[in-house]
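Right, one structure below, let's go through it.
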Amino acid sequence: MTQALLREIIDYANRANPYPLYEELRKTPVSHDGDGPYVVSTYYEIHSLLHDPRISSDAKNLKATGDDLLGEQSDEEGTTLPPSFLKLDPPDHDRLRRMTNRPFGPPHAPHRVHDMRDELGGLVTGLIDGIVETGQLDRIDLVDQFAYPFPVSVICRLLGIPREDEPRFHVWAETLAASLDPDPDADPTQRGTGSMDARMELGMYLAGLIEERRKKPGDDMLSQLATADGPDGAMTTMEALSTSALLLIAGHETTVNLITNGMLTLLRHPEALERLRNDPDLAVPIVEELLRYEPPVQLLPQRTTLSDVEVAGVTIPKGASVWLMLASGNRDPKRFENPDRFDPDRKDIQHLGLGSGIHSCFGAPLARQEAQLALSELARRLENPRLLEDPPQYRQNSVLRGPRHLPIACDGIRP
(Lines give C-alpha, C1' and ligand atoms only; values in the text may rest on other atoms or scores of the structure.)
Protein backbone atom coordinates (compact mmCIF):
# COMPACT_ATOMS: atom_id res chain seq x y z
CA MET A 1 0.00 0.00 0.00
CA THR A 2 2.73 2.48 0.97
CA GLN A 3 4.79 1.81 -2.13
CA ALA A 4 1.76 2.29 -4.38
CA LEU A 5 0.81 5.50 -2.57
CA LEU A 6 4.36 6.83 -2.84
CA ARG A 7 4.34 6.16 -6.56
CA GLU A 8 1.12 8.14 -6.83
CA ILE A 9 2.65 11.05 -4.91
CA ILE A 10 5.70 11.03 -7.18
CA ASP A 11 3.59 10.57 -10.33
CA TYR A 12 3.54 13.81 -12.34
CA ALA A 13 -0.20 13.39 -12.87
CA ASN A 14 -0.67 14.34 -9.20
CA ARG A 15 1.87 17.14 -9.05
CA ALA A 16 -0.71 19.93 -9.07
CA ASN A 17 -2.43 18.62 -5.94
CA PRO A 18 -0.68 15.88 -3.94
CA TYR A 19 -2.39 16.85 -0.69
CA PRO A 20 -5.26 14.31 -0.76
CA LEU A 21 -2.60 11.62 -1.14
CA TYR A 22 -0.73 12.99 1.88
CA GLU A 23 -3.99 12.83 3.82
CA GLU A 24 -4.27 9.15 2.97
CA LEU A 25 -0.60 8.62 3.89
CA ARG A 26 -1.09 10.15 7.37
CA LYS A 27 -3.51 7.37 8.31
CA THR A 28 -0.35 5.35 8.99
CA PRO A 29 2.21 7.74 10.55
CA VAL A 30 5.13 5.42 9.84
CA SER A 31 4.62 3.05 6.93
CA HIS A 32 6.81 0.58 5.08
CA ASP A 33 6.36 -1.94 2.27
CA GLY A 34 8.81 -4.63 1.23
CA ASP A 35 12.24 -3.17 0.51
CA GLY A 36 10.99 0.41 0.11
CA PRO A 37 11.74 3.33 2.45
CA TYR A 38 10.16 3.93 5.83
CA VAL A 39 7.80 6.84 5.21
CA VAL A 40 7.04 9.25 8.06
CA SER A 41 4.09 11.52 7.32
CA THR A 42 2.83 13.14 10.56
CA TYR A 43 4.04 16.39 12.07
CA TYR A 44 5.24 15.41 15.52
CA GLU A 45 7.04 12.29 14.31
CA ILE A 46 8.80 14.22 11.51
CA HIS A 47 9.79 17.02 13.88
CA SER A 48 11.18 14.54 16.37
CA LEU A 49 13.29 12.76 13.76
CA LEU A 50 14.68 16.05 12.41
CA HIS A 51 16.16 16.56 15.88
CA ASP A 52 17.21 12.95 16.46
CA PRO A 53 21.00 12.34 16.32
CA ARG A 54 20.31 8.75 15.30
CA ILE A 55 19.08 9.99 11.92
CA SER A 56 21.88 10.48 9.39
CA SER A 57 22.05 12.65 6.25
CA ASP A 58 25.13 10.82 4.98
CA ALA A 59 24.28 8.33 2.24
CA LYS A 60 27.28 6.17 3.22
CA ASN A 61 25.25 4.95 6.20
CA LEU A 62 22.47 3.56 4.03
CA LYS A 63 22.34 -0.23 4.04
CA ALA A 64 18.90 -0.77 2.56
CA THR A 65 18.51 -1.19 -1.19
CA GLY A 66 15.42 -1.14 -3.34
CA ASP A 67 13.75 0.74 -6.15
CA ASP A 68 15.18 4.21 -6.74
CA LEU A 69 11.80 5.93 -6.81
CA LEU A 70 13.20 9.42 -7.31
CA GLY A 71 16.32 8.91 -9.41
CA GLU A 72 17.88 12.22 -10.43
CA GLN A 73 15.22 14.30 -8.65
CA SER A 74 16.87 14.02 -5.25
CA ASP A 75 20.43 14.95 -6.25
CA GLU A 76 20.80 18.70 -5.77
CA GLU A 77 24.57 18.83 -6.08
CA GLY A 78 25.84 16.17 -8.43
CA THR A 79 29.05 14.20 -8.14
CA THR A 80 31.81 16.54 -9.33
CA LEU A 81 32.34 18.11 -5.90
CA PRO A 82 32.68 16.67 -2.41
CA PRO A 83 29.40 16.62 -0.48
CA SER A 84 28.32 19.90 1.10
CA PHE A 85 27.44 20.03 4.78
CA LEU A 86 23.83 19.37 3.71
CA LYS A 87 24.81 15.73 3.19
CA LEU A 88 27.15 15.29 6.15
CA ASP A 89 26.71 14.39 9.82
CA PRO A 90 28.41 15.87 12.89
CA PRO A 91 31.19 16.66 13.48
CA ASP A 92 32.01 17.40 9.81
CA HIS A 93 28.60 18.97 9.25
CA ASP A 94 28.88 21.20 12.30
CA ARG A 95 32.37 22.41 11.41
CA LEU A 96 31.49 23.37 7.83
CA ARG A 97 28.16 24.92 8.77
CA ARG A 98 29.80 27.04 11.48
CA MET A 99 32.47 28.17 9.03
CA THR A 100 29.84 29.07 6.43
CA ASN A 101 27.68 30.88 8.95
CA ARG A 102 30.46 33.21 10.13
CA PRO A 103 30.28 35.45 7.04
CA PHE A 104 26.54 34.91 6.55
CA GLY A 105 24.67 35.53 9.77
CA PRO A 106 24.64 36.07 13.53
CA PRO A 107 26.61 36.40 15.69
CA HIS A 108 29.60 37.19 13.44
CA ALA A 109 27.80 38.86 10.52
CA PRO A 110 24.41 39.89 11.94
CA HIS A 111 23.65 42.53 9.31
CA ARG A 112 24.65 40.84 6.05
CA VAL A 113 21.16 39.72 4.99
CA HIS A 114 19.45 42.83 6.39
CA ASP A 115 21.88 45.13 4.61
CA MET A 116 21.07 43.47 1.27
CA ARG A 117 17.45 44.65 1.47
CA ASP A 118 17.90 47.77 -0.66
CA GLU A 119 19.87 45.83 -3.27
CA LEU A 120 17.21 43.11 -3.35
CA GLY A 121 14.53 45.76 -3.72
CA GLY A 122 16.41 47.19 -6.69
CA LEU A 123 16.54 43.78 -8.36
CA VAL A 124 12.79 43.29 -7.85
CA THR A 125 12.07 46.74 -9.29
CA GLY A 126 14.30 46.10 -12.28
CA LEU A 127 12.64 42.79 -13.11
CA ILE A 128 9.13 44.22 -12.87
CA ASP A 129 10.20 47.21 -14.97
CA GLY A 130 11.53 44.70 -17.49
CA ILE A 131 8.04 43.22 -17.78
CA VAL A 132 6.70 46.70 -18.48
CA GLU A 133 9.26 47.18 -21.24
CA THR A 134 8.08 44.09 -23.09
CA GLY A 135 4.67 45.73 -23.51
CA GLN A 136 3.05 42.30 -23.33
CA LEU A 137 0.83 42.36 -20.27
CA ASP A 138 -1.72 39.94 -21.72
CA ARG A 139 0.66 37.03 -21.09
CA ILE A 140 3.44 37.24 -18.49
CA ASP A 141 5.36 34.18 -17.36
CA LEU A 142 6.15 34.99 -13.74
CA VAL A 143 8.64 32.13 -13.56
CA ASP A 144 10.81 32.96 -16.56
CA GLN A 145 10.46 36.74 -16.30
CA PHE A 146 10.70 37.15 -12.53
CA ALA A 147 10.94 34.26 -10.08
CA TYR A 148 13.70 32.41 -11.95
CA PRO A 149 16.23 35.20 -12.55
CA PHE A 150 15.74 36.97 -9.20
CA PRO A 151 17.36 34.45 -6.80
CA VAL A 152 20.33 33.83 -9.11
CA SER A 153 21.12 37.54 -9.12
CA VAL A 154 20.78 37.59 -5.32
CA ILE A 155 23.24 34.72 -4.89
CA CYS A 156 25.66 36.44 -7.26
CA ARG A 157 25.53 39.63 -5.19
CA LEU A 158 25.91 37.66 -1.96
CA LEU A 159 28.99 35.79 -3.20
CA GLY A 160 30.46 38.85 -4.88
CA ILE A 161 30.33 37.63 -8.48
CA PRO A 162 31.42 40.43 -10.85
CA ARG A 163 28.38 41.99 -12.53
CA GLU A 164 29.71 41.23 -16.00
CA ASP A 165 29.79 37.50 -15.12
CA GLU A 166 26.23 37.28 -13.78
CA PRO A 167 24.76 36.21 -17.17
CA ARG A 168 27.03 33.13 -17.09
CA PHE A 169 25.63 32.22 -13.68
CA HIS A 170 22.10 32.46 -15.03
CA VAL A 171 22.96 30.00 -17.79
CA TRP A 172 24.59 27.57 -15.36
CA ALA A 173 21.69 27.82 -12.91
CA GLU A 174 19.16 27.16 -15.67
CA THR A 175 21.09 24.11 -16.91
CA LEU A 176 21.52 22.67 -13.43
CA ALA A 177 17.89 23.32 -12.53
CA ALA A 178 16.75 21.54 -15.70
CA SER A 179 18.91 18.54 -14.75
CA LEU A 180 16.85 18.08 -11.58
CA ASP A 181 13.65 17.61 -13.57
CA PRO A 182 13.16 14.18 -15.14
CA ASP A 183 12.42 14.47 -18.86
CA PRO A 184 11.29 11.21 -20.45
CA ASP A 185 11.48 12.74 -23.93
CA ALA A 186 15.09 13.93 -23.67
CA ASP A 187 18.22 11.98 -24.53
CA PRO A 188 19.62 10.92 -21.12
CA THR A 189 23.21 10.95 -22.37
CA GLN A 190 22.89 14.45 -23.78
CA ARG A 191 21.17 15.70 -20.62
CA GLY A 192 23.86 14.17 -18.44
CA THR A 193 26.64 15.65 -20.54
CA GLY A 194 25.07 19.12 -20.47
CA SER A 195 24.64 19.01 -16.70
CA MET A 196 28.17 17.74 -16.13
CA ASP A 197 29.61 20.40 -18.42
CA ALA A 198 27.74 23.11 -16.52
CA ARG A 199 28.98 21.78 -13.18
CA MET A 200 32.55 21.63 -14.45
CA GLU A 201 32.39 25.15 -15.88
CA LEU A 202 30.86 26.48 -12.67
CA GLY A 203 33.45 24.68 -10.55
CA MET A 204 36.37 25.94 -12.60
CA TYR A 205 35.04 29.49 -12.58
CA LEU A 206 34.50 29.48 -8.80
CA ALA A 207 37.91 27.90 -8.19
CA GLY A 208 39.57 30.70 -10.13
CA LEU A 209 37.55 33.33 -8.29
CA ILE A 210 38.40 31.80 -4.90
CA GLU A 211 42.11 32.00 -5.69
CA GLU A 212 41.70 35.64 -6.78
CA ARG A 213 39.90 36.50 -3.54
CA ARG A 214 42.59 34.82 -1.46
CA LYS A 215 45.10 37.20 -3.01
CA LYS A 216 42.84 40.24 -2.96
CA PRO A 217 39.81 39.72 -0.67
CA GLY A 218 36.77 41.98 -0.65
CA ASP A 219 33.84 42.26 1.75
CA ASP A 220 31.74 39.64 -0.10
CA MET A 221 30.90 36.20 1.23
CA LEU A 222 33.13 34.31 -1.20
CA SER A 223 36.16 36.30 -0.02
CA GLN A 224 35.37 35.44 3.57
CA LEU A 225 34.85 31.76 2.81
CA ALA A 226 38.20 31.73 1.00
CA THR A 227 40.25 33.62 3.60
CA ALA A 228 38.62 33.17 7.01
CA ASP A 229 40.71 31.23 9.52
CA GLY A 230 38.69 30.96 12.72
CA PRO A 231 38.45 28.41 15.54
CA ASP A 232 37.55 25.68 13.04
CA GLY A 233 40.48 26.45 10.78
CA ALA A 234 40.25 27.46 7.15
CA MET A 235 38.16 25.98 4.34
CA THR A 236 39.98 24.10 1.65
CA THR A 237 39.39 25.19 -1.93
CA MET A 238 37.16 22.16 -2.49
CA GLU A 239 35.13 22.91 0.64
CA ALA A 240 34.67 26.52 -0.45
CA LEU A 241 33.66 25.30 -3.91
CA SER A 242 31.14 22.82 -2.52
CA THR A 243 29.63 25.43 -0.20
CA SER A 244 29.35 28.04 -2.96
CA ALA A 245 27.68 25.53 -5.29
CA LEU A 246 25.24 24.61 -2.51
CA LEU A 247 24.28 28.27 -2.04
CA LEU A 248 23.67 28.64 -5.77
CA ILE A 249 21.82 25.42 -6.53
CA ALA A 250 19.86 24.61 -3.37
CA GLY A 251 19.23 28.26 -2.48
CA HIS A 252 18.04 29.17 -5.97
CA GLU A 253 15.63 26.30 -6.52
CA THR A 254 13.80 26.60 -3.21
CA THR A 255 13.39 30.37 -3.52
CA VAL A 256 12.01 30.14 -7.05
CA ASN A 257 9.38 27.70 -5.83
CA LEU A 258 8.55 29.75 -2.74
CA ILE A 259 7.90 32.89 -4.80
CA THR A 260 6.01 31.09 -7.55
CA ASN A 261 3.89 28.95 -5.21
CA GLY A 262 3.26 32.16 -3.27
CA MET A 263 1.92 34.14 -6.23
CA LEU A 264 -0.17 31.19 -7.39
CA THR A 265 -1.73 30.91 -3.93
CA LEU A 266 -2.36 34.65 -3.67
CA LEU A 267 -3.99 34.76 -7.10
CA ARG A 268 -6.25 31.94 -5.94
CA HIS A 269 -7.04 33.98 -2.81
CA PRO A 270 -7.65 37.51 -4.15
CA GLU A 271 -8.75 38.82 -0.76
CA ALA A 272 -5.29 38.00 0.65
CA LEU A 273 -3.63 39.58 -2.39
CA GLU A 274 -5.65 42.77 -1.88
CA ARG A 275 -4.71 42.89 1.81
CA LEU A 276 -1.04 42.55 0.90
CA ARG A 277 -1.35 45.31 -1.70
CA ASN A 278 -2.62 47.66 1.01
CA ASP A 279 -0.35 46.44 3.79
CA PRO A 280 3.13 45.28 2.70
CA ASP A 281 3.96 44.30 6.29
CA LEU A 282 1.51 41.43 5.84
CA ALA A 283 4.20 39.80 3.68
CA VAL A 284 5.87 38.44 6.84
CA PRO A 285 2.96 36.25 8.06
CA ILE A 286 1.93 35.45 4.49
CA VAL A 287 5.34 33.96 3.69
CA GLU A 288 5.27 31.89 6.88
CA GLU A 289 1.83 30.53 6.02
CA LEU A 290 3.00 29.81 2.47
CA LEU A 291 5.93 27.81 3.85
CA ARG A 292 3.37 25.68 5.65
CA TYR A 293 0.65 25.58 3.02
CA GLU A 294 2.75 25.15 -0.16
CA PRO A 295 6.33 24.34 0.93
CA PRO A 296 8.97 24.50 -1.83
CA VAL A 297 10.59 21.29 -0.53
CA GLN A 298 7.93 18.60 -0.25
CA LEU A 299 9.95 15.78 1.28
CA LEU A 300 13.39 14.79 2.53
CA PRO A 301 14.21 11.39 1.03
CA GLN A 302 17.88 11.13 2.04
CA ARG A 303 17.81 10.11 5.68
CA THR A 304 19.19 6.92 7.24
CA THR A 305 19.02 5.41 10.72
CA LEU A 306 22.31 4.97 12.61
CA SER A 307 20.66 2.52 15.02
CA ASP A 308 17.25 0.97 15.51
CA VAL A 309 14.75 3.79 16.11
CA GLU A 310 11.18 3.38 17.35
CA VAL A 311 8.70 5.87 15.92
CA ALA A 312 4.95 5.74 16.57
CA GLY A 313 5.20 2.09 17.61
CA VAL A 314 7.24 1.07 14.55
CA THR A 315 10.88 0.03 14.83
CA ILE A 316 12.94 1.39 11.94
CA PRO A 317 16.09 -0.78 11.70
CA LYS A 318 19.64 0.52 11.50
CA GLY A 319 20.70 1.46 7.98
CA ALA A 320 17.14 1.85 6.68
CA SER A 321 16.08 4.52 4.21
CA VAL A 322 13.76 7.08 5.82
CA TRP A 323 11.61 9.60 3.96
CA LEU A 324 10.33 12.59 5.92
CA MET A 325 7.23 13.98 4.20
CA LEU A 326 7.43 17.65 5.18
CA ALA A 327 4.43 18.80 3.13
CA SER A 328 2.27 16.11 4.71
CA GLY A 329 3.36 17.10 8.22
CA ASN A 330 2.53 20.73 7.44
CA ARG A 331 -1.09 19.72 6.85
CA ASP A 332 -1.44 17.39 9.82
CA PRO A 333 -4.77 18.22 11.53
CA LYS A 334 -3.33 17.01 14.84
CA ARG A 335 -0.94 19.97 14.67
CA PHE A 336 -2.73 22.66 12.65
CA GLU A 337 -6.38 23.62 12.83
CA ASN A 338 -8.07 23.60 9.41
CA PRO A 339 -4.74 22.66 7.79
CA ASP A 340 -6.05 22.76 4.21
CA ARG A 341 -7.10 26.41 4.57
CA PHE A 342 -4.70 29.18 3.55
CA ASP A 343 -4.81 31.56 6.52
CA PRO A 344 -2.39 34.51 6.66
CA ASP A 345 -3.67 35.27 10.17
CA ARG A 346 -2.71 31.86 11.54
CA LYS A 347 -1.07 32.40 14.92
CA ASP A 348 0.57 29.08 15.76
CA ILE A 349 2.70 28.37 12.71
CA GLN A 350 5.77 26.34 13.60
CA HIS A 351 5.84 24.78 10.15
CA LEU A 352 8.34 22.34 8.61
CA GLY A 353 8.72 24.34 5.41
CA LEU A 354 12.37 25.14 6.10
CA GLY A 355 13.13 21.93 7.96
CA SER A 356 14.21 21.89 11.60
CA GLY A 357 17.12 20.73 13.69
CA ILE A 358 20.76 20.88 12.65
CA HIS A 359 19.85 20.69 8.95
CA SER A 360 17.29 23.48 9.01
CA CYS A 361 17.52 25.64 5.91
CA PHE A 362 20.81 27.52 6.09
CA GLY A 363 19.59 30.31 3.80
CA ALA A 364 16.22 30.78 5.53
CA PRO A 365 16.73 34.47 6.46
CA LEU A 366 17.65 35.35 2.88
CA ALA A 367 14.86 33.25 1.34
CA ARG A 368 12.30 34.85 3.63
CA GLN A 369 13.48 38.35 2.74
CA GLU A 370 13.49 37.59 -1.00
CA ALA A 371 9.95 36.18 -0.90
CA GLN A 372 8.61 39.02 1.26
CA LEU A 373 10.01 41.69 -1.05
CA ALA A 374 8.98 39.88 -4.23
CA LEU A 375 5.40 39.16 -3.21
CA SER A 376 4.71 42.56 -1.68
CA GLU A 377 6.02 44.40 -4.76
CA LEU A 378 4.16 42.16 -7.21
CA ALA A 379 0.97 42.73 -5.21
CA ARG A 380 1.53 46.49 -5.17
CA ARG A 381 2.47 47.01 -8.80
CA LEU A 382 0.36 44.53 -10.80
CA GLU A 383 -3.08 45.91 -11.68
CA ASN A 384 -5.83 43.29 -11.68
CA PRO A 385 -3.50 40.28 -12.04
CA ARG A 386 -5.17 37.02 -12.99
CA LEU A 387 -4.21 33.46 -13.78
CA LEU A 388 -4.31 32.30 -17.39
CA GLU A 389 -3.87 28.62 -16.51
CA ASP A 390 -5.03 26.90 -13.34
CA PRO A 391 -3.45 24.58 -12.55
CA PRO A 392 -0.31 25.75 -14.34
CA GLN A 393 2.35 23.47 -15.78
CA TYR A 394 4.40 22.08 -12.89
CA ARG A 395 8.00 21.00 -12.79
CA GLN A 396 8.55 17.26 -13.08
CA ASN A 397 10.45 17.19 -9.78
CA SER A 398 8.35 15.88 -6.89
CA VAL A 399 10.85 16.91 -4.19
CA LEU A 400 11.31 20.54 -5.25
CA ARG A 401 7.67 21.17 -6.20
CA GLY A 402 6.57 24.31 -8.00
CA PRO A 403 5.16 25.59 -11.31
CA ARG A 404 7.58 25.50 -14.24
CA HIS A 405 5.59 28.29 -15.84
CA LEU A 406 3.02 30.62 -14.30
CA PRO A 407 1.22 32.52 -17.07
CA ILE A 408 -0.73 35.55 -15.84
CA ALA A 409 -2.21 38.70 -17.32
CA CYS A 410 -2.74 42.13 -15.82
CA ASP A 411 -4.29 45.44 -16.88
CA GLY A 412 -1.21 47.49 -16.12
CA ILE A 413 1.83 47.88 -13.89
CA ARG A 414 2.01 50.71 -11.39
CA PRO A 415 5.23 52.73 -11.09
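In the C-alpha coordinates, chains take letters A, B, ... by order of appearance, with residues numbered from 1 within each chain and ligands from 1 in the order shown.
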
Taking 3 positions as the minimum chain separation for residues in the same chain, which residues sit within 12 Å of Glu377 of chain A when counting only C-alpha atoms? Answer as JSON, numbers by chain. {"A": [120, 121, 122, 123, 124, 125, 126, 127, 128, 129, 146, 259, 263, 273, 276, 277, 278, 279, 280, 281, 282, 283, 370, 371, 372, 373, 374, 380, 381, 382, 383, 413, 414, 415]}

Neighbouring residues of Ser223 of chain A were defined as those with any atom within 12 Å, considering only C-alpha atoms; residues of the same chain fewer than 4 positions away were excluded. Please report them as a list in words.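 Surrounding residues, per the criterion: Thr100, Pro103, Phe104, Leu158, Leu159, Gly160, Ile161, Leu206, Ala207, Leu209, Ile210, Glu211, Glu212, Arg213, Arg214, Lys215, Lys216, Pro217, Gly218, Asp219, Thr227, Ala228, Asp229, Met235, Thr237, Ala240, Leu241 and Ser244 of chain A.
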
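Here atom CA of Ser57 of chain A and atom CA of Leu88 of chain A stand 5.7 Å from one another.
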
Could you give me, as a ChimeraX atom specification, the residues within 10 Å of Pro365 of chain A, counting only C-alpha atoms and dropping anything in the same chain fewer than 4 positions from it? /A:104-105,113-114,361,369-370

Produce a file of the selected residues containing N, CA, C and O atoms, as a JSON list (two decimals), in the first residue's frame.
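Below is the file that was written, again_37.json:
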[["chain", "number", "residue", "atom", "x", "y", "z"],
["A", 104, "PHE", "N", 27.91, 34.82, 7.05],
["A", 104, "PHE", "CA", 26.54, 34.91, 6.55],
["A", 104, "PHE", "C", 25.55, 35.48, 7.56],
["A", 104, "PHE", "O", 24.62, 36.20, 7.19],
["A", 105, "GLY", "N", 25.71, 35.14, 8.82],
["A", 105, "GLY", "CA", 24.67, 35.53, 9.77],
["A", 105, "GLY", "C", 25.19, 35.69, 11.19],
["A", 105, "GLY", "O", 26.40, 35.66, 11.44],
["A", 113, "VAL", "N", 22.41, 39.90, 5.72],
["A", 113, "VAL", "CA", 21.16, 39.72, 4.99],
["A", 113, "VAL", "C", 20.32, 41.00, 5.06],
["A", 113, "VAL", "O", 19.77, 41.46, 4.05],
["A", 114, "HIS", "N", 20.23, 41.60, 6.24],
["A", 114, "HIS", "CA", 19.45, 42.83, 6.39],
["A", 114, "HIS", "C", 19.98, 43.93, 5.48],
["A", 114, "HIS", "O", 19.21, 44.68, 4.85],
["A", 361, "CYS", "N", 17.05, 24.91, 7.09],
["A", 361, "CYS", "CA", 17.52, 25.64, 5.91],
["A", 361, "CYS", "C", 18.52, 26.73, 6.28],
["A", 361, "CYS", "O", 18.20, 27.68, 7.00],
["A", 369, "GLN", "N", 13.42, 36.95, 3.17],
["A", 369, "GLN", "CA", 13.48, 38.35, 2.74],
["A", 369, "GLN", "C", 13.20, 38.48, 1.24],
["A", 369, "GLN", "O", 12.48, 39.38, 0.81],
["A", 370, "GLU", "N", 13.75, 37.57, 0.44],
["A", 370, "GLU", "CA", 13.49, 37.59, -1.00],
["A", 370, "GLU", "C", 12.00, 37.43, -1.28],
["A", 370, "GLU", "O", 11.42, 38.17, -2.09]]

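What separates atom CA of Asn14 of chain A from atom CA of Ala178 of chain A is a distance of 19.9 Å.
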
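One distance worth recording is that between atom CA of Gln224 of chain A and atom CA of Asp94 of chain A, which is 17.9 Å.
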
From the options A:His252, A:Lys87, A:Arg26, A:Arg15, which residue's atoms come nearest to Glu45 of chain A, counting only C-alpha atoms?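 Among the listed residues, the smallest separation from Glu45 of chain A belongs to A:Arg26.
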
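Counting only C-alpha atoms and comparing A:Arg386, A:Arg401, A:Arg331, A:Arg7, the residue that lies closest to Gln298 of chain A is A:Arg401.
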
Contacts of Pro301 of chain A at 10 Å (only C-alpha atoms; same-chain gap of 6+ positions) as a list in words: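 In the requested format, the answer is Pro37, Tyr38, Val39, Ser57, Leu69, Leu70, Ser74, Ser321, Val322, Trp323, Leu324, Met325 and Val399 of chain A.
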
Take the selection from the previous step and output its residues with N, CA, C and O atoms, as a tab-separated table (two decimals), in the first residue's frame.
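Output (out-v4.tsv):
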chain	number	residue	atom	x	y	z
A	37	PRO	N	11.35	2.50	1.30
A	37	PRO	CA	11.74	3.33	2.45
A	37	PRO	C	10.68	3.31	3.55
A	37	PRO	O	9.51	2.97	3.30
A	38	TYR	N	11.10	3.66	4.74
A	38	TYR	CA	10.16	3.93	5.83
A	38	TYR	C	9.68	5.37	5.66
A	38	TYR	O	10.49	6.30	5.62
A	39	VAL	N	8.38	5.54	5.54
A	39	VAL	CA	7.80	6.84	5.21
A	39	VAL	C	7.12	7.41	6.45
A	39	VAL	O	6.20	6.80	7.01
A	57	SER	N	22.22	12.08	7.59
A	57	SER	CA	22.05	12.65	6.25
A	57	SER	C	23.13	12.16	5.29
A	57	SER	O	23.16	12.58	4.13
A	69	LEU	N	13.06	5.32	-6.38
A	69	LEU	CA	11.80	5.93	-6.81
A	69	LEU	C	11.99	7.33	-7.37
A	69	LEU	O	11.20	7.78	-8.20
A	70	LEU	N	13.02	8.03	-6.91
A	70	LEU	CA	13.20	9.42	-7.31
A	70	LEU	C	14.24	9.61	-8.40
A	70	LEU	O	14.16	10.54	-9.19
A	74	SER	N	16.43	13.75	-6.61
A	74	SER	CA	16.87	14.02	-5.25
A	74	SER	C	18.32	14.48	-5.16
A	74	SER	O	18.81	14.75	-4.07
A	321	SER	N	16.40	3.26	4.88
A	321	SER	CA	16.08	4.52	4.21
A	321	SER	C	14.83	5.11	4.83
A	321	SER	O	13.81	4.41	4.99
A	322	VAL	N	14.89	6.39	5.19
A	322	VAL	CA	13.76	7.08	5.82
A	322	VAL	C	13.40	8.30	4.98
A	322	VAL	O	14.26	9.11	4.64
A	323	TRP	N	12.12	8.42	4.66
A	323	TRP	CA	11.61	9.60	3.96
A	323	TRP	C	10.77	10.42	4.93
A	323	TRP	O	9.84	9.88	5.55
A	324	LEU	N	11.09	11.69	5.06
A	324	LEU	CA	10.33	12.59	5.92
A	324	LEU	C	9.47	13.48	5.02
A	324	LEU	O	9.97	14.31	4.27
A	325	MET	N	8.16	13.31	5.11
A	325	MET	CA	7.23	13.98	4.20
A	325	MET	C	6.80	15.33	4.78
A	325	MET	O	5.76	15.47	5.42
A	399	VAL	N	10.23	16.45	-5.44
A	399	VAL	CA	10.85	16.91	-4.19
A	399	VAL	C	10.81	18.43	-4.11
A	399	VAL	O	10.35	19.01	-3.13

Contacts of Pro392 of chain A within 8 Å, only C-alpha atoms, excl. fewer than 3 positions in-chain, as a count of residues only: 7

From a DSSP calculation on the backbone, collect every residue of segment 33-257 of chain A in strand (DSSP E or B) and output the set as a PyMOL selection string. chain A and resi 38-40+55-56+140-141+230+233

Hey, what does DSSP flag as alpha helix (DSSP H) within segment 304-367 of chain A? Can you give it to me as a VMD selection string? chain A and resid 326 to 329 364 to 367

Surrounding residues of Arg98 of chain A excluding itself and chain neighbours under 2 positions, 12 Å, only C-alpha atoms, as JSON, numbers by chain: {"A": [85, 90, 91, 92, 93, 94, 95, 96, 100, 101, 102, 103, 104, 105, 106, 107, 108, 225, 228, 229, 230, 231, 232, 233, 234, 235, 243, 358, 362]}
